[in-house]
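Novice: What follows is a single structure, and I will ask about it in a moment.
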Amino acid sequence: MAIKESPSACIAADESKVAKVVLFPGDPLRAKAVAERYLEAPEVFNTVRNMLGYTGLYKGRRISVMGSGMGIPSATLYAHELFSFYGVESIIRMGTAGGVAEDVRVRDLVVAMTASTNSNFSAQYGFPGILAPQANYDMLHTAVAAAEKLGIRTRVGSVFTADMFYNANQAAGQMYRQFGILALEMETAGIYWEAMASHRRALSLLSISDHIFTGESLSAQDRQDSFHEMMEVALETAWNFA
């Protein structure tokens, strides 16, 4: 097939080169590192705007990895185009998050069951109420089982997807904790809404890199180790849906 350019001109790829399941880190250089470290014979399928995308083999099955950028506007642009124009069926976000709940520790893996948010992204659907963004259960169940098998400390529950990195409301964190939020990040709700609207699957896996109440944060080495643990869970989950 010939190279097809997306309507936004943000992806230009041969549709056949994109796998049915895509791992979705925010940083495109992280996507490159994942492809080179974990995938066999990775081949680049997108370089537009340096939002790198690769496809390779993991245990004999085709898996893609592509950067999503930061925040709901960027992540949903790429998720929508992958779902709508390139035949992708499943997306697994791989990111970092700030811990909120008392029993969440740095290096924990948080599997986002749902995501509260201050984003107005879902207003476009005209849904007569509040449309709750949620993970695909089959993917969530697969990821939790993989984490248990690998012995990775995991928490499953709600996260908060923020539209801003710097929040002027100093009381927000305590409110998140009061309502049982496990962690704070910036993409999950949008990706889940996009998957729901597109009748596709999505899951968000988050490695806790710091804690907004304790001030604890990971060293560079601990971040690397934690990322590898999350990657193992993501790859095993992706393999089941490839």
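Ligands are numbered from 1 in the order shown, residues from 1 within each chain, and chains are lettered A, B, ... in the order they appear in the structure tokens.
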Please return as a list in words: the residues of stretch 126-182 of chain A that backbone DSSP assigns to alpha helix (DSSP H).
Specialist: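 After running DSSP on the backbone, stretch 126-182 of chain A has alpha helix (DSSP H) at Tyr137, Asp138, Met139, Leu140, His141, Thr142, Ala143, Val144, Ala145, Ala146, Ala147, Glu148, Lys149, Leu150, Ala172, Gly173, Gln174, Met175, Tyr176, Arg177 and Gln178 of chain A.
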Novice: Mind checking which residues fall within 9 Å of A:Ala101, counting only C-alpha atoms, ignoring those fewer than 4 positions away in the same chain, and posting them as a list of chain:residue names?
Specialist: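 Within the cut-off, the hits are A:Arg105, A:Tyr176, A:Arg177, A:Gln178, A:Gly180, A:Ile181, A:Leu182, A:Ala183, A:His211, A:Phe213.
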Novice: What is the atom CA of A:Met230-atom CA of A:Gly95 distance in Å, reported with one decimal?
Specialist: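 Separation of atom CA of A:Met230 and atom CA of A:Gly95: 8.8 Å.
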Novice: I want to know what sits within 7 Å of A:Val233, based on only C-alpha atoms, with residues of the same chain fewer than 5 positions away left out; could you give that as a list in words?
Specialist: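 So, after excluding close chain neighbours, the residues are Ala143, Ala146 and Ala147 of chain A.
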Novice: Write out, as a tab-separated table, each residue of stretch 73-186 of chain A that has an atom at most 12 Å from stretch 49-60 of chain A, together with the closest pair of atoms and their distance in Å to one decimal, counting only C-alpha atoms, rows going by chain and rising number.
Specialist:
residue	atom	partner	partner_atom	distance
A:Ser74	CA	A:Met51	CA	10.6
A:Ala75	CA	A:Met51	CA	11.1
A:Leu77	CA	A:Met51	CA	11.9
A:Tyr78	CA	A:Met51	CA	9.5
A:Leu82	CA	A:Gly53	CA	11.0
Novice: Among stretch 39-241 of chain A, which residues does DSSP mark as strand (DSSP E) when it is run on the backbone? Keep the chain and numbering as in the structure and answer as a ChimeraX atom specification.
Specialist: /A:40-46,53-58,61-66,90-99,109-117,154-161,183-185,201-211
Novice: Using C-alpha atoms, can you export the residues from the last selection as a compact mmCIF listing (two decimals), in the first residue's frame?
Specialist:
# COMPACT_ATOMS: atom_id res chain seq x y z
CA GLU A 40 12.49 -7.66 17.11
CA ALA A 41 13.30 -6.04 13.74
CA PRO A 42 11.57 -2.72 14.48
CA GLU A 43 10.64 -0.64 11.43
CA VAL A 44 9.73 3.03 11.59
CA PHE A 45 6.29 3.90 10.18
CA ASN A 46 5.97 7.58 11.12
CA GLY A 53 6.19 5.33 15.41
CA TYR A 54 7.65 1.83 15.05
CA THR A 55 6.38 -1.69 14.44
CA GLY A 56 8.21 -4.89 15.31
CA LEU A 57 7.72 -8.35 16.72
CA TYR A 58 7.29 -9.38 20.34
CA ARG A 61 3.35 -11.06 17.20
CA ARG A 62 3.30 -7.59 15.59
CA ILE A 63 3.15 -4.69 18.02
CA SER A 64 3.56 -0.97 17.32
CA VAL A 65 4.79 1.79 19.60
CA MET A 66 4.27 5.49 18.96
CA SER A 90 -6.17 -1.34 20.87
CA ILE A 91 -4.02 1.36 22.49
CA ILE A 92 -2.06 0.97 25.73
CA ARG A 93 -0.89 4.21 27.30
CA MET A 94 2.43 3.87 29.12
CA GLY A 95 3.24 6.85 31.28
CA THR A 96 4.33 8.23 34.60
CA ALA A 97 2.08 9.74 37.24
CA GLY A 98 2.21 11.48 40.58
CA GLY A 99 0.92 9.43 43.49
CA LEU A 109 2.19 0.35 38.81
CA VAL A 110 -1.25 1.97 38.65
CA VAL A 111 -3.75 0.43 36.25
CA ALA A 112 -6.36 3.08 35.53
CA MET A 113 -9.85 1.63 35.70
CA THR A 114 -11.38 5.06 35.07
CA ALA A 115 -10.30 8.69 35.06
CA SER A 116 -11.90 11.76 36.59
CA THR A 117 -10.87 14.95 34.83
CA THR A 154 0.04 -2.92 41.40
CA ARG A 155 -2.89 -0.70 42.31
CA VAL A 156 -6.13 -0.64 40.28
CA GLY A 157 -8.61 2.21 40.45
CA SER A 158 -9.34 5.80 39.50
CA VAL A 159 -6.84 8.41 38.38
CA PHE A 160 -7.24 12.12 37.69
CA THR A 161 -6.44 13.47 34.23
CA ALA A 183 -2.66 9.18 40.91
CA LEU A 184 -2.50 12.35 38.83
CA GLU A 185 -1.60 12.50 35.11
CA ARG A 201 -10.03 -0.76 23.29
CA ALA A 202 -7.75 1.31 25.52
CA LEU A 203 -5.84 0.87 28.76
CA SER A 204 -3.60 3.20 30.74
CA LEU A 205 -0.61 1.85 32.69
CA LEU A 206 1.11 4.38 34.93
CA SER A 207 4.40 4.11 36.79
CA ILE A 208 4.43 6.25 39.93
CA SER A 209 7.46 8.53 39.68
CA ASP A 210 6.73 10.84 42.62
CA HIS A 211 4.14 11.49 45.33
Novice: One decimal, Å: what's the distance from atom CA of A:Phe179 over to atom CA of A:Val100, could you say?
Specialist: 10.5 Å
Novice: Quick one: residues within 12 Å of A:Ala33, only C-alpha atoms, excluding same-chain residues fewer than 3 positions away - as number ranges by chain?
Specialist: A: 25, 27-30, 36-39, 42, 52-54, 65-67, 224, 227-228, 231
Novice: Smallest atom-to-atom distance to A:Thr237: which of A:Asp222, A:Asp138, A:Glu102, A:Asp14, using only C-alpha atoms?
Specialist: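 Among the listed residues, the smallest separation from A:Thr237 belongs to A:Asp138.
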Novice: What's around A:Phe85 at 8 Å? Count only C-alpha atoms, leave out sequence neighbours fewer than 2 positions away in its own chain, and write the answer as an mmCIF file with C-alpha atoms, in the first residue's frame.
Specialist:
data_model
loop_
_atom_site.group_PDB
_atom_site.id
_atom_site.type_symbol
_atom_site.label_atom_id
_atom_site.label_comp_id
_atom_site.auth_asym_id
_atom_site.auth_seq_id
_atom_site.Cartn_x
_atom_site.Cartn_y
_atom_site.Cartn_z
ATOM 1 C CA SER A 6 -3.865 11.641 7.934
ATOM 2 C CA GLU A 15 -1.488 1.451 6.867
ATOM 3 C CA GLU A 81 -6.213 8.913 13.723
ATOM 4 C CA LEU A 82 -4.747 5.536 14.643
ATOM 5 C CA PHE A 83 -8.229 4.163 15.369
ATOM 6 C CA GLY A 87 -6.884 0.169 11.519
#
Novice: Please determine, counting only C-alpha atoms, which residue among A:Ser68, A:Gly173, A:Ala31, A:Ala13 has the shortest atom-to-atom distance to A:Thr214.
Specialist: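 So, comparing all the options, the nearest one is A:Gly173.
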Novice: Hey, can you check how far atom CA of A:Glu236 sits from atom CA of A:Val88?
Specialist: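 We find that atom CA of A:Glu236 and atom CA of A:Val88 lie 17.6 Å from each other.
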